[in-house]
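run-v2.csv (CSV, C-alpha atoms) appears below.
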```csv
chain,number,residue,atom,x,y,z
A,149,MET,CA,-14.7,10.8,-1.1
A,150,ILE,CA,-12.6,9.7,1.9
A,151,ALA,CA,-9.4,7.7,1.3
A,152,SER,CA,-7.3,6.2,4.1
A,153,ASP,CA,-4.1,4.2,4.4
A,154,VAL,CA,-4.4,1.2,6.7
A,155,ASP,CA,-1.3,0.4,8.8
A,156,GLY,CA,-0.2,3.2,11.0
A,157,THR,CA,-3.3,5.2,10.0
A,158,LEU,CA,-6.5,3.3,10.5
A,159,LEU,CA,-4.7,0.7,12.6
A,160,GLY,CA,-2.7,1.8,15.6
A,161,PRO,CA,0.0,-0.2,17.6
A,162,SER,CA,-2.6,-2.8,18.5
A,163,GLU,CA,-3.1,-3.5,14.8
A,164,ALA,CA,-6.8,-3.7,15.4
A,165,LEU,CA,-9.7,-1.3,14.4
A,166,SER,CA,-11.1,0.6,17.4
A,167,GLU,CA,-14.8,0.8,18.0
A,168,ARG,CA,-14.6,4.6,17.5
A,169,THR,CA,-13.0,4.3,14.1
A,170,ILE,CA,-15.4,1.5,13.0
A,171,ALA,CA,-18.4,3.6,14.1
A,172,THR,CA,-17.1,6.7,12.3
A,173,VAL,CA,-16.4,4.9,9.0
A,174,ARG,CA,-19.8,3.3,9.1
A,175,ARG,CA,-21.4,6.7,9.5
A,176,VAL,CA,-19.4,7.9,6.4
A,177,ILE,CA,-20.8,5.0,4.4
A,178,GLU,CA,-24.4,5.5,5.6
A,179,ALA,CA,-24.1,9.1,4.5
A,180,GLY,CA,-23.5,7.9,1.0
A,181,VAL,CA,-19.8,9.0,0.9
A,182,PRO,CA,-17.4,6.5,-0.7
A,183,PHE,CA,-14.7,5.4,1.8
A,184,VAL,CA,-11.7,3.9,0.0
A,185,LEU,CA,-8.9,2.0,1.6
A,186,ALA,CA,-5.5,2.9,0.0
A,187,SER,CA,-2.8,0.6,1.1
A,188,GLY,CA,0.5,-1.1,0.3
A,189,ARG,CA,-1.2,-4.3,1.4
A,190,PRO,CA,-2.0,-6.9,-1.3
A,191,PRO,CA,-5.7,-7.7,-2.0
A,192,ARG,CA,-5.6,-10.9,0.2
A,193,TRP,CA,-4.9,-8.7,3.3
A,194,ILE,CA,-7.8,-6.3,2.7
A,195,ALA,CA,-10.9,-8.4,3.9
A,196,PRO,CA,-9.9,-8.4,7.6
A,197,ILE,CA,-10.1,-4.6,7.5
A,198,ALA,CA,-13.0,-4.2,5.0
A,199,ARG,CA,-15.4,-6.6,6.7
A,200,PRO,CA,-15.6,-4.9,10.2
A,201,LEU,CA,-16.0,-1.5,8.5
A,202,GLU,CA,-18.7,-3.0,6.2
A,203,LEU,CA,-16.9,-1.7,3.2
A,204,THR,CA,-18.3,-3.0,-0.1
A,205,GLY,CA,-16.7,-0.5,-2.5
A,206,TYR,CA,-13.2,-0.3,-3.7
A,207,ALA,CA,-9.7,-0.6,-2.2
A,208,VAL,CA,-6.5,0.6,-3.8
A,209,CYS,CA,-3.9,-2.1,-3.1
A,210,ALA,CA,-0.2,-2.6,-3.5
A,211,ASN,CA,0.4,1.1,-3.6
A,212,GLY,CA,-1.8,1.7,-6.6
A,213,ALA,CA,-1.0,-1.3,-8.7
A,214,VAL,CA,-4.3,-3.1,-8.0
A,215,LEU,CA,-7.9,-2.0,-7.8
A,216,TYR,CA,-10.0,-4.4,-5.6
A,217,ASP,CA,-13.7,-4.8,-5.1
A,218,CYS,CA,-14.2,-5.3,-1.3
A,219,GLY,CA,-17.8,-6.5,-1.7
A,220,ALA,CA,-17.2,-9.1,-4.4
A,221,GLU,CA,-13.7,-9.9,-3.1
A,222,GLU,CA,-12.4,-9.6,-6.7
A,223,ILE,CA,-9.6,-7.8,-8.4
A,224,VAL,CA,-11.0,-5.3,-10.8
A,225,GLU,CA,-7.9,-4.0,-12.5
A,226,VAL,CA,-4.1,-4.2,-12.4
A,227,HIS,CA,-1.8,-1.4,-13.4
A,228,GLY,CA,1.9,-1.5,-14.3
A,229,LEU,CA,2.9,-5.1,-14.1
A,230,LEU,CA,6.6,-5.7,-13.9
A,231,GLU,CA,7.6,-8.3,-16.5
A,232,PRO,CA,10.2,-11.0,-15.8
A,233,SER,CA,12.8,-9.4,-18.2
A,234,LEU,CA,12.6,-6.1,-16.3
A,235,LEU,CA,12.6,-7.9,-12.9
A,236,HIS,CA,15.9,-9.6,-13.9
A,237,ASP,CA,17.4,-6.3,-14.9
A,238,ILE,CA,16.4,-4.7,-11.7
A,239,ALA,CA,17.8,-7.6,-9.6
A,240,SER,CA,21.1,-7.4,-11.4
A,241,ALA,CA,21.4,-3.7,-10.7
A,242,LEU,CA,20.4,-4.2,-7.1
A,243,ASP,CA,23.0,-6.8,-6.4
A,244,LYS,CA,25.7,-4.2,-7.4
A,245,ALA,CA,24.2,-1.3,-5.6
A,246,LEU,CA,22.9,-3.1,-2.5
A,247,PRO,CA,25.1,-6.1,-1.9
A,248,GLY,CA,23.4,-8.7,0.3
A,249,CYS,CA,19.9,-7.6,-0.5
A,250,ARG,CA,17.2,-10.2,-0.7
A,251,LEU,CA,14.1,-10.1,-3.0
A,252,ALA,CA,10.4,-11.1,-2.9
A,253,SER,CA,7.7,-10.7,-5.5
A,254,GLU,CA,4.0,-10.0,-5.1
A,255,ARG,CA,1.6,-11.4,-7.8
A,256,VAL,CA,-2.1,-11.4,-8.5
A,257,ALA,CA,-4.6,-12.9,-10.9
A,258,ILE,CA,-7.5,-10.9,-12.3
A,259,GLY,CA,-10.9,-11.8,-10.8
A,260,ALA,CA,-11.6,-13.6,-7.5
A,261,VAL,CA,-8.6,-13.8,-5.1
A,262,ASP,CA,-6.9,-17.1,-5.6
A,263,HIS,CA,-5.7,-18.1,-2.2
A,264,ASP,CA,-3.8,-21.1,-3.7
A,265,MET,CA,-1.8,-19.0,-6.1
A,266,ARG,CA,1.8,-18.4,-5.2
A,267,ASN,CA,1.1,-14.7,-4.6
A,268,PHE,CA,4.2,-14.0,-2.5
A,269,VAL,CA,7.5,-15.7,-3.3
A,270,ILE,CA,10.6,-14.9,-1.3
A,271,GLU,CA,14.3,-15.7,-1.5
A,272,PRO,CA,16.0,-17.5,1.4
A,273,ASP,CA,16.9,-14.9,4.2
A,274,TYR,CA,14.4,-12.4,2.9
A,275,HIS,CA,13.4,-10.3,5.9
A,276,ASN,CA,10.0,-8.8,6.4
A,277,PRO,CA,9.7,-6.2,9.2
A,278,TRP,CA,6.1,-7.4,9.9
A,279,GLY,CA,7.2,-11.0,10.4
A,280,ASP,CA,8.4,-13.8,8.2
A,281,ASN,CA,5.5,-16.2,8.6
A,282,GLU,CA,4.1,-15.6,5.0
A,283,GLY,CA,5.6,-16.4,1.7
A,284,ARG,CA,6.7,-19.3,-0.3
A,285,THR,CA,10.5,-19.6,-0.2
A,286,GLY,CA,12.1,-20.3,-3.6
A,287,PRO,CA,15.2,-19.6,-5.7
A,288,ARG,CA,15.6,-16.2,-7.3
A,289,ALA,CA,14.6,-17.6,-10.6
A,290,GLU,CA,11.2,-18.4,-9.2
A,291,VAL,CA,10.9,-14.9,-7.6
A,292,LEU,CA,11.7,-13.2,-10.9
A,293,GLY,CA,10.1,-15.7,-13.2
A,294,HIS,CA,6.5,-14.3,-13.4
A,295,PRO,CA,4.9,-10.9,-13.8
A,296,ALA,CA,4.6,-9.1,-10.5
A,297,ILE,CA,2.7,-6.1,-9.2
A,298,LYS,CA,5.7,-5.2,-7.0
A,299,LEU,CA,9.2,-6.3,-6.2
A,300,LEU,CA,10.2,-6.1,-2.5
A,301,VAL,CA,13.8,-5.7,-1.5
A,302,SER,CA,15.1,-6.3,2.1
A,303,HIS,CA,18.4,-5.6,3.6
A,304,ARG,CA,19.2,-6.3,7.3
A,305,GLY,CA,22.0,-3.7,7.4
A,306,MET,CA,20.2,-0.7,6.0
A,307,THR,CA,17.2,1.5,6.7
A,308,SER,CA,14.4,1.8,4.2
A,309,GLU,CA,15.3,5.5,3.7
A,310,GLU,CA,18.8,4.6,2.7
A,311,MET,CA,17.6,1.8,0.4
A,312,ALA,CA,15.0,4.0,-1.3
A,313,GLU,CA,17.5,6.7,-2.0
A,314,ALA,CA,19.9,4.2,-3.5
A,315,VAL,CA,17.2,2.4,-5.6
A,316,ASN,CA,15.7,5.6,-7.0
A,317,SER,CA,19.1,6.8,-8.1
A,318,LEU,CA,19.6,3.7,-10.1
A,319,PHE,CA,16.4,3.9,-12.2
A,320,ASP,CA,15.3,6.9,-14.0
A,321,ARG,CA,11.9,6.4,-15.6
A,322,GLU,CA,11.4,2.6,-15.4
A,323,VAL,CA,10.4,1.9,-11.8
A,324,ASP,CA,10.0,3.8,-8.5
A,325,ALA,CA,10.8,2.7,-4.9
A,326,THR,CA,8.9,3.6,-1.8
A,327,TYR,CA,8.5,2.3,1.7
A,328,SER,CA,6.0,2.0,4.5
A,329,SER,CA,8.3,1.1,7.4
A,330,SER,CA,11.9,2.0,8.2
A,331,GLY,CA,12.9,-1.6,8.9
A,332,GLY,CA,15.1,-2.2,5.8
A,333,LEU,CA,12.4,-2.9,3.2
A,334,VAL,CA,11.5,-1.0,0.0
A,335,GLU,CA,8.8,-1.8,-2.5
A,336,ILE,CA,9.5,-1.3,-6.2
A,337,ALA,CA,6.6,-0.6,-8.7
A,338,ALA,CA,6.3,0.4,-12.3
A,339,HIS,CA,7.2,4.1,-12.8
A,340,GLY,CA,4.3,6.5,-11.9
A,341,ILE,CA,2.1,3.9,-10.2
A,342,THR,CA,1.2,5.3,-6.8
A,343,LYS,CA,-1.8,5.4,-4.4
A,344,ALA,CA,-2.7,8.7,-6.1
A,345,THR,CA,-3.1,7.1,-9.5
A,346,GLY,CA,-5.2,4.4,-8.0
A,347,LEU,CA,-7.4,6.8,-6.2
A,348,ALA,CA,-7.7,9.0,-9.3
A,349,ASP,CA,-9.2,5.9,-11.0
A,350,VAL,CA,-11.7,5.4,-8.2
A,351,ALA,CA,-12.6,9.1,-8.0
A,352,ALA,CA,-13.3,9.0,-11.8
A,353,ARG,CA,-15.7,6.1,-11.3
A,354,PHE,CA,-17.6,8.0,-8.7
A,355,GLU,CA,-17.3,11.3,-10.6
A,356,VAL,CA,-15.6,13.0,-7.6
A,357,PRO,CA,-13.0,15.7,-8.4
A,358,ALA,CA,-9.7,15.5,-6.5
A,359,ASP,CA,-10.5,18.7,-4.6
A,360,ARG,CA,-13.5,16.8,-3.0
A,361,VAL,CA,-11.2,14.1,-1.6
A,362,ILE,CA,-9.9,13.8,2.0
A,363,ALA,CA,-6.9,11.4,2.3
A,364,PHE,CA,-5.1,10.1,5.4
A,365,GLY,CA,-1.6,8.6,5.6
A,366,ASP,CA,1.6,8.3,7.6
A,367,MET,CA,4.5,7.1,5.5
A,368,PRO,CA,6.3,8.0,2.2
A,369,ASN,CA,4.1,5.6,0.2
A,370,ASP,CA,1.3,8.1,1.1
A,371,LEU,CA,3.0,11.2,-0.2
A,372,GLU,CA,1.5,11.3,-3.7
A,373,MET,CA,-1.9,10.5,-2.3
A,374,LEU,CA,-1.9,13.3,0.2
A,375,SER,CA,-0.6,15.8,-2.4
A,376,TRP,CA,-3.2,14.8,-4.9
A,377,ALA,CA,-6.2,15.0,-2.6
A,378,GLY,CA,-8.0,18.2,-2.0
A,379,HIS,CA,-7.2,17.8,1.8
A,380,GLY,CA,-4.3,15.6,2.8
A,381,VAL,CA,-4.2,14.6,6.5
A,382,ALA,CA,-1.0,13.2,8.1
A,383,MET,CA,-1.0,11.2,11.3
A,384,GLU,CA,0.9,12.9,14.2
A,385,ASN,CA,3.3,10.0,14.4
A,386,GLY,CA,3.9,10.0,10.6
A,387,HIS,CA,7.1,10.3,8.7
A,388,PRO,CA,8.6,13.8,8.5
A,389,ALA,CA,8.2,13.9,4.7
A,390,VAL,CA,4.5,13.2,5.0
A,391,LEU,CA,4.0,15.8,7.7
A,392,GLY,CA,5.7,18.3,5.3
A,393,VAL,CA,3.1,17.9,2.5
A,394,ALA,CA,0.0,17.5,4.6
A,395,ASP,CA,-2.7,20.2,4.8
A,396,GLU,CA,-3.5,19.1,8.4
A,397,VAL,CA,-2.0,16.9,11.1
A,398,THR,CA,-4.3,14.8,13.2
A,399,GLY,CA,-3.7,12.6,16.3
A,400,PRO,CA,-1.8,9.3,16.0
A,401,ALA,CA,-3.6,6.2,14.9
A,402,GLY,CA,-3.6,4.9,18.4
A,403,ASP,CA,-5.8,7.8,19.4
A,404,ASP,CA,-8.2,7.4,16.5
A,405,GLY,CA,-6.7,10.3,14.4
A,406,VAL,CA,-8.8,9.5,11.4
A,407,ALA,CA,-12.0,9.5,13.4
A,408,GLN,CA,-11.0,12.8,15.1
A,409,VAL,CA,-11.1,14.5,11.7
A,410,LEU,CA,-14.1,12.8,10.2
A,411,GLU,CA,-16.3,13.4,13.3
A,412,ARG,CA,-16.5,17.0,12.3
A,413,TRP,CA,-18.9,16.0,9.5
A,414,PHE,CA,-20.1,12.5,10.4
```

Translate this file's structure into structure tokens.
Amino acid sequence: MIASDVDGTLLGPSEALSERTIATVRRVIEAGVPFVLASGRPPRWIAPIARPLELTGYAVCANGAVLYDCGAEEIVEVHGLLEPSLLHDIASALDKALPGCRLASERVAIGAVDHDMRNFVIEPDYHNPWGDNEGRTGPRAEVLGHPAIKLLVSHRGMTSEEMAEAVNSLFDREVDATYSSSGGLVEIAAHGITKATGLADVAARFEVPADRVIAFGDMPNDLEMLSWAGHGVAMENGHPAVLGVADEVTGPAGDDGVAQVLERWF
């Protein structure tokens, strides 16, 4: 089984799939090998990647919290929902540890993707490093008032590394914080929910042992996945922590680093 992160791994600076990567992934699929997207992205952001690759299998979304069927465009399973009572407790602790932080929550419904659902609700002045053109702005009570698959925390005056260290020191075994950019944003999920746990679910469905999995990634939210897989591959331009756990380092996403490795076999 092949598993790959999306942003910074399959997608380079142009944020578009290259013809070389598309052709390589299609050969993997034609050979009967499952190709699984493993991303921090929510399910509604998966179709633009899955369709050009002709993926009809599974995608692990929201850093392991959601299992998504690309072909049916349906959510199959949700792991580790954060309930409103816990979200309020987290928010209270964050206000003391990270004064000035702003929150957003990501939500899903089981089954077909509901594009009218208030999937992404943000506080005023919440900052997204990828652009602030998505999300319904509302008061904190709305952000925290429904079960969420992840709570996002932004702070314009800190790096993601600094924020993650502070958040993880606050909470022992309730939630975990990770990040996929250094732009002052961390993502909080239920404790123990990672891309590795999501991929282990997919691998079990295909009866593929972990040592027969190749995984690609570039940021700290890929650490568990690369450590779990039989062969973890980091992108050359990846975070130092990811380079440190990888079994192999390939070229950057902009130079089709995933394809460079997979072309040995496909």

> Separation of CA of Asn211 (chain A) and CA of Lys343 (chain A), in Å?
Replying inline: 4.9 Å

>> Need the shell around Asp359 (chain A): protein/DNA/RNA residues with any atom at most 10 Å away, counting all atoms listed in the file. Skip same-chain ones fewer than 5 positions apart. Format as number ranges by chain?
In response: A: 149, 376-379

> In terms of the shortest atom-to-atom distance over all atoms listed in the file, which of A:Pro247, A:Gly293, A:Gly386, A:Gly331 is closest to Asp153 (chain A)?
Replying inline: A:Gly386

> If you count only C-alpha atoms, which residues fall within 12 Å of Arg174 (chain A), apart from same-chain ones fewer than 4 positions away, as a PyMOL selection string?
Replying inline: chain A and resi 167-170+178-183+198-204+407+410-411+414

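Among the candidates A:Pro368, A:Gly405, A:Pro232, A:Pro191, the residue lying nearest to Val381 (chain A) is A:Gly405 (atoms considered: only C-alpha atoms).
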
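Distance annotation: of A:Leu391, A:Ala241, A:Val214, A:Leu165, the residue with the minimal separation from Asn316 (chain A) is A:Ala241; atom set is all atoms listed in the file.
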
> Restricting the calculation to all atoms listed in the file, which member of A:Val173, A:Ile150, A:Ala164, A:Leu333 is positioned closest to Glu310 (chain A)?
Replying inline: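 Checking each of A:Val173, A:Ile150, A:Ala164, A:Leu333 against Glu310 (chain A), counting all atoms listed in the file, the winner is A:Leu333.
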
> What is the distance, in Å and to one decimal place, between CA of Val397 (chain A) and CA of Leu158 (chain A)?
Replying inline: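 These atoms are spaced 14.3 Å apart.
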
Do you have, as a tab-separated table, the list of residues of region 149-266 of chain A lying at most 10 Å from region 322-327 of chain A, each with its nearest atom pair and that distance in Å to one decimal, counting all atoms listed in the file and ordered by chain then number?
```
residue	atom	partner	partner_atom	distance
A:Gly188	CA	A:Tyr327	CA	8.8
A:Asn211	CA	A:Thr326	CA	9.0
A:Gly228	CA	A:Val323	CA	9.5
A:Leu230	CA	A:Val323	CA	8.8
A:Leu234	CA	A:Glu322	CA	8.8
A:Ile238	CA	A:Val323	CA	8.9
```

> What gap, in Å, lies between CA of Gly205 (chain A) and CA of Asp349 (chain A)?
Replying inline: 13.0 Å

> Any idea what's packed within 10 Å of region 217-226 of chain A, counting only C-alpha atoms, ignoring anything in its chain fewer than 2 positions away? Could you give it as number ranges by chain?
Replying inline: A: 184-185, 191-192, 194-195, 197-199, 202-210, 212-215, 228-229, 256-262, 297, 346

>> List as a list in words the protein and nucleic acid residues near Leu292 (chain A), meaning an atom at most 12 Å away when only C-alpha atoms are counted, but skip any in the same chain fewer than 5 places from it.
In response: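 My list of contacting residues is Leu230, Glu231, Pro232, Ser233, Leu234, Leu235, His236, Asp237, Ile238, Ala239, Ser240, Arg250, Leu251, Ala252, Ser253, Glu254, Arg255, Phe268, Val269, Ile270, Glu271, Gly286, Pro287, Ile297, Lys298, Leu299 and Leu300 of chain A.
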
Next, the residues of the selection above should be written as a compact mmCIF listing (two decimals), in the coordinates of the input with C-alpha atoms.
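out01.txt, freshly written:
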```txt
# COMPACT_ATOMS: atom_id res chain seq x y z
CA LEU A 230 6.60 -5.70 -13.90
CA GLU A 231 7.60 -8.30 -16.50
CA PRO A 232 10.20 -11.00 -15.80
CA SER A 233 12.80 -9.40 -18.20
CA LEU A 234 12.60 -6.10 -16.30
CA LEU A 235 12.60 -7.90 -12.90
CA HIS A 236 15.90 -9.60 -13.90
CA ASP A 237 17.40 -6.30 -14.90
CA ILE A 238 16.40 -4.70 -11.70
CA ALA A 239 17.80 -7.60 -9.60
CA SER A 240 21.10 -7.40 -11.40
CA ARG A 250 17.20 -10.20 -0.70
CA LEU A 251 14.10 -10.10 -3.00
CA ALA A 252 10.40 -11.10 -2.90
CA SER A 253 7.70 -10.70 -5.50
CA GLU A 254 4.00 -10.00 -5.10
CA ARG A 255 1.60 -11.40 -7.80
CA PHE A 268 4.20 -14.00 -2.50
CA VAL A 269 7.50 -15.70 -3.30
CA ILE A 270 10.60 -14.90 -1.30
CA GLU A 271 14.30 -15.70 -1.50
CA GLY A 286 12.10 -20.30 -3.60
CA PRO A 287 15.20 -19.60 -5.70
CA ILE A 297 2.70 -6.10 -9.20
CA LYS A 298 5.70 -5.20 -7.00
CA LEU A 299 9.20 -6.30 -6.20
CA LEU A 300 10.20 -6.10 -2.50
```

> Looking at all atoms listed in the file, which of A:Met311, A:Leu318, A:Ala171, A:Ala186 is the one that sits closest to Ala363 (chain A)?
Replying inline: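 Nearest candidate to Ala363 (chain A) out of A:Met311, A:Leu318, A:Ala171, A:Ala186: A:Ala186.
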
>> Given the point (12.5, -9.8, 5.6) in the file's coordinates, find the residues that have an atom at most 12 Å from it, counting all atoms listed in the file, and give them as a VMD selection string.
In response: chain A and resid 249 to 252 269 to 283 285 300 to 306 308 329 331 to 335

>> Under the rule that only C-alpha atoms are counted, which of A:Phe364, A:Phe354, A:Phe319, A:Tyr216 is the nearest residue to Gly380 (chain A)?
In response: A:Phe364

Completion of region 288-322 of chain A up to N, CA and C atoms, as a compact mmCIF listing (two decimals), keeping the file's coordinate frame:
```txt
# COMPACT_ATOMS: atom_id res chain seq x y z
N ARG A 288 15.88 -17.50 -6.64
CA ARG A 288 15.60 -16.20 -7.30
C ARG A 288 14.96 -16.37 -8.64
N ALA A 289 15.26 -17.42 -9.34
CA ALA A 289 14.60 -17.60 -10.60
C ALA A 289 13.10 -17.72 -10.51
N GLU A 290 12.62 -18.29 -9.43
CA GLU A 290 11.20 -18.40 -9.20
C GLU A 290 10.62 -17.00 -8.80
N VAL A 291 11.37 -16.28 -7.99
CA VAL A 291 10.90 -14.90 -7.60
C VAL A 291 10.75 -14.02 -8.76
N LEU A 292 11.66 -14.13 -9.72
CA LEU A 292 11.70 -13.20 -10.90
C LEU A 292 11.00 -13.76 -12.11
N GLY A 293 10.50 -14.98 -12.04
CA GLY A 293 10.10 -15.70 -13.20
C GLY A 293 8.67 -15.42 -13.73
N HIS A 294 7.88 -14.62 -13.00
CA HIS A 294 6.50 -14.30 -13.40
C HIS A 294 6.22 -12.85 -13.24
N PRO A 295 5.27 -12.30 -14.01
CA PRO A 295 4.90 -10.90 -13.80
C PRO A 295 4.51 -10.59 -12.40
N ALA A 296 4.92 -9.43 -11.90
CA ALA A 296 4.60 -9.10 -10.50
C ALA A 296 4.07 -7.66 -10.44
N ILE A 297 3.26 -7.43 -9.41
CA ILE A 297 2.70 -6.10 -9.20
C ILE A 297 3.75 -5.24 -8.42
N LYS A 298 4.62 -5.90 -7.66
CA LYS A 298 5.70 -5.20 -7.00
C LYS A 298 6.82 -6.13 -6.65
N LEU A 299 8.03 -5.59 -6.62
CA LEU A 299 9.20 -6.30 -6.20
C LEU A 299 9.63 -5.72 -4.85
N LEU A 300 9.79 -6.56 -3.85
CA LEU A 300 10.20 -6.10 -2.50
C LEU A 300 11.65 -6.44 -2.29
N VAL A 301 12.36 -5.51 -1.69
CA VAL A 301 13.80 -5.70 -1.50
C VAL A 301 14.09 -5.46 0.01
N SER A 302 14.72 -6.44 0.63
CA SER A 302 15.10 -6.30 2.10
C SER A 302 16.58 -6.32 2.22
N HIS A 303 17.02 -5.62 3.27
CA HIS A 303 18.40 -5.60 3.60
C HIS A 303 18.55 -5.38 5.11
N ARG A 304 19.15 -6.33 5.79
CA ARG A 304 19.20 -6.30 7.30
C ARG A 304 20.16 -5.19 7.77
N GLY A 305 21.04 -4.68 6.92
CA GLY A 305 22.00 -3.70 7.40
C GLY A 305 21.74 -2.28 7.00
N MET A 306 20.55 -2.00 6.44
CA MET A 306 20.20 -0.70 6.00
C MET A 306 18.84 -0.25 6.45
N THR A 307 18.59 1.05 6.48
CA THR A 307 17.20 1.50 6.70
C THR A 307 16.49 1.62 5.39
N SER A 308 15.20 1.66 5.47
CA SER A 308 14.40 1.80 4.20
C SER A 308 14.70 3.11 3.54
N GLU A 309 14.93 4.18 4.31
CA GLU A 309 15.30 5.50 3.70
C GLU A 309 16.53 5.39 2.88
N GLU A 310 17.57 4.76 3.43
CA GLU A 310 18.80 4.60 2.70
C GLU A 310 18.63 3.77 1.43
N MET A 311 17.85 2.72 1.56
CA MET A 311 17.60 1.80 0.40
C MET A 311 16.84 2.54 -0.69
N ALA A 312 15.80 3.27 -0.31
CA ALA A 312 15.00 4.00 -1.30
C ALA A 312 15.80 4.98 -2.08
N GLU A 313 16.65 5.70 -1.38
CA GLU A 313 17.50 6.70 -2.00
C GLU A 313 18.43 6.02 -3.05
N ALA A 314 19.00 4.88 -2.66
CA ALA A 314 19.90 4.20 -3.50
C ALA A 314 19.17 3.60 -4.76
N VAL A 315 18.00 3.02 -4.53
CA VAL A 315 17.20 2.40 -5.60
C VAL A 315 16.76 3.46 -6.61
N ASN A 316 16.22 4.56 -6.10
CA ASN A 316 15.70 5.60 -7.00
C ASN A 316 16.78 6.29 -7.80
N SER A 317 18.02 6.26 -7.29
CA SER A 317 19.10 6.80 -8.10
C SER A 317 19.58 5.92 -9.19
N LEU A 318 19.21 4.64 -9.09
CA LEU A 318 19.60 3.70 -10.10
C LEU A 318 18.70 3.74 -11.35
N PHE A 319 17.42 3.97 -11.10
CA PHE A 319 16.40 3.90 -12.20
C PHE A 319 15.79 5.21 -12.41
N ASP A 320 15.78 5.62 -13.66
CA ASP A 320 15.30 6.90 -14.00
C ASP A 320 13.75 6.90 -14.19
N ARG A 321 13.29 6.34 -15.29
CA ARG A 321 11.90 6.40 -15.60
C ARG A 321 11.32 4.95 -15.84
N GLU A 322 11.92 3.96 -15.20
CA GLU A 322 11.40 2.60 -15.40
C GLU A 322 10.62 2.13 -14.19
```
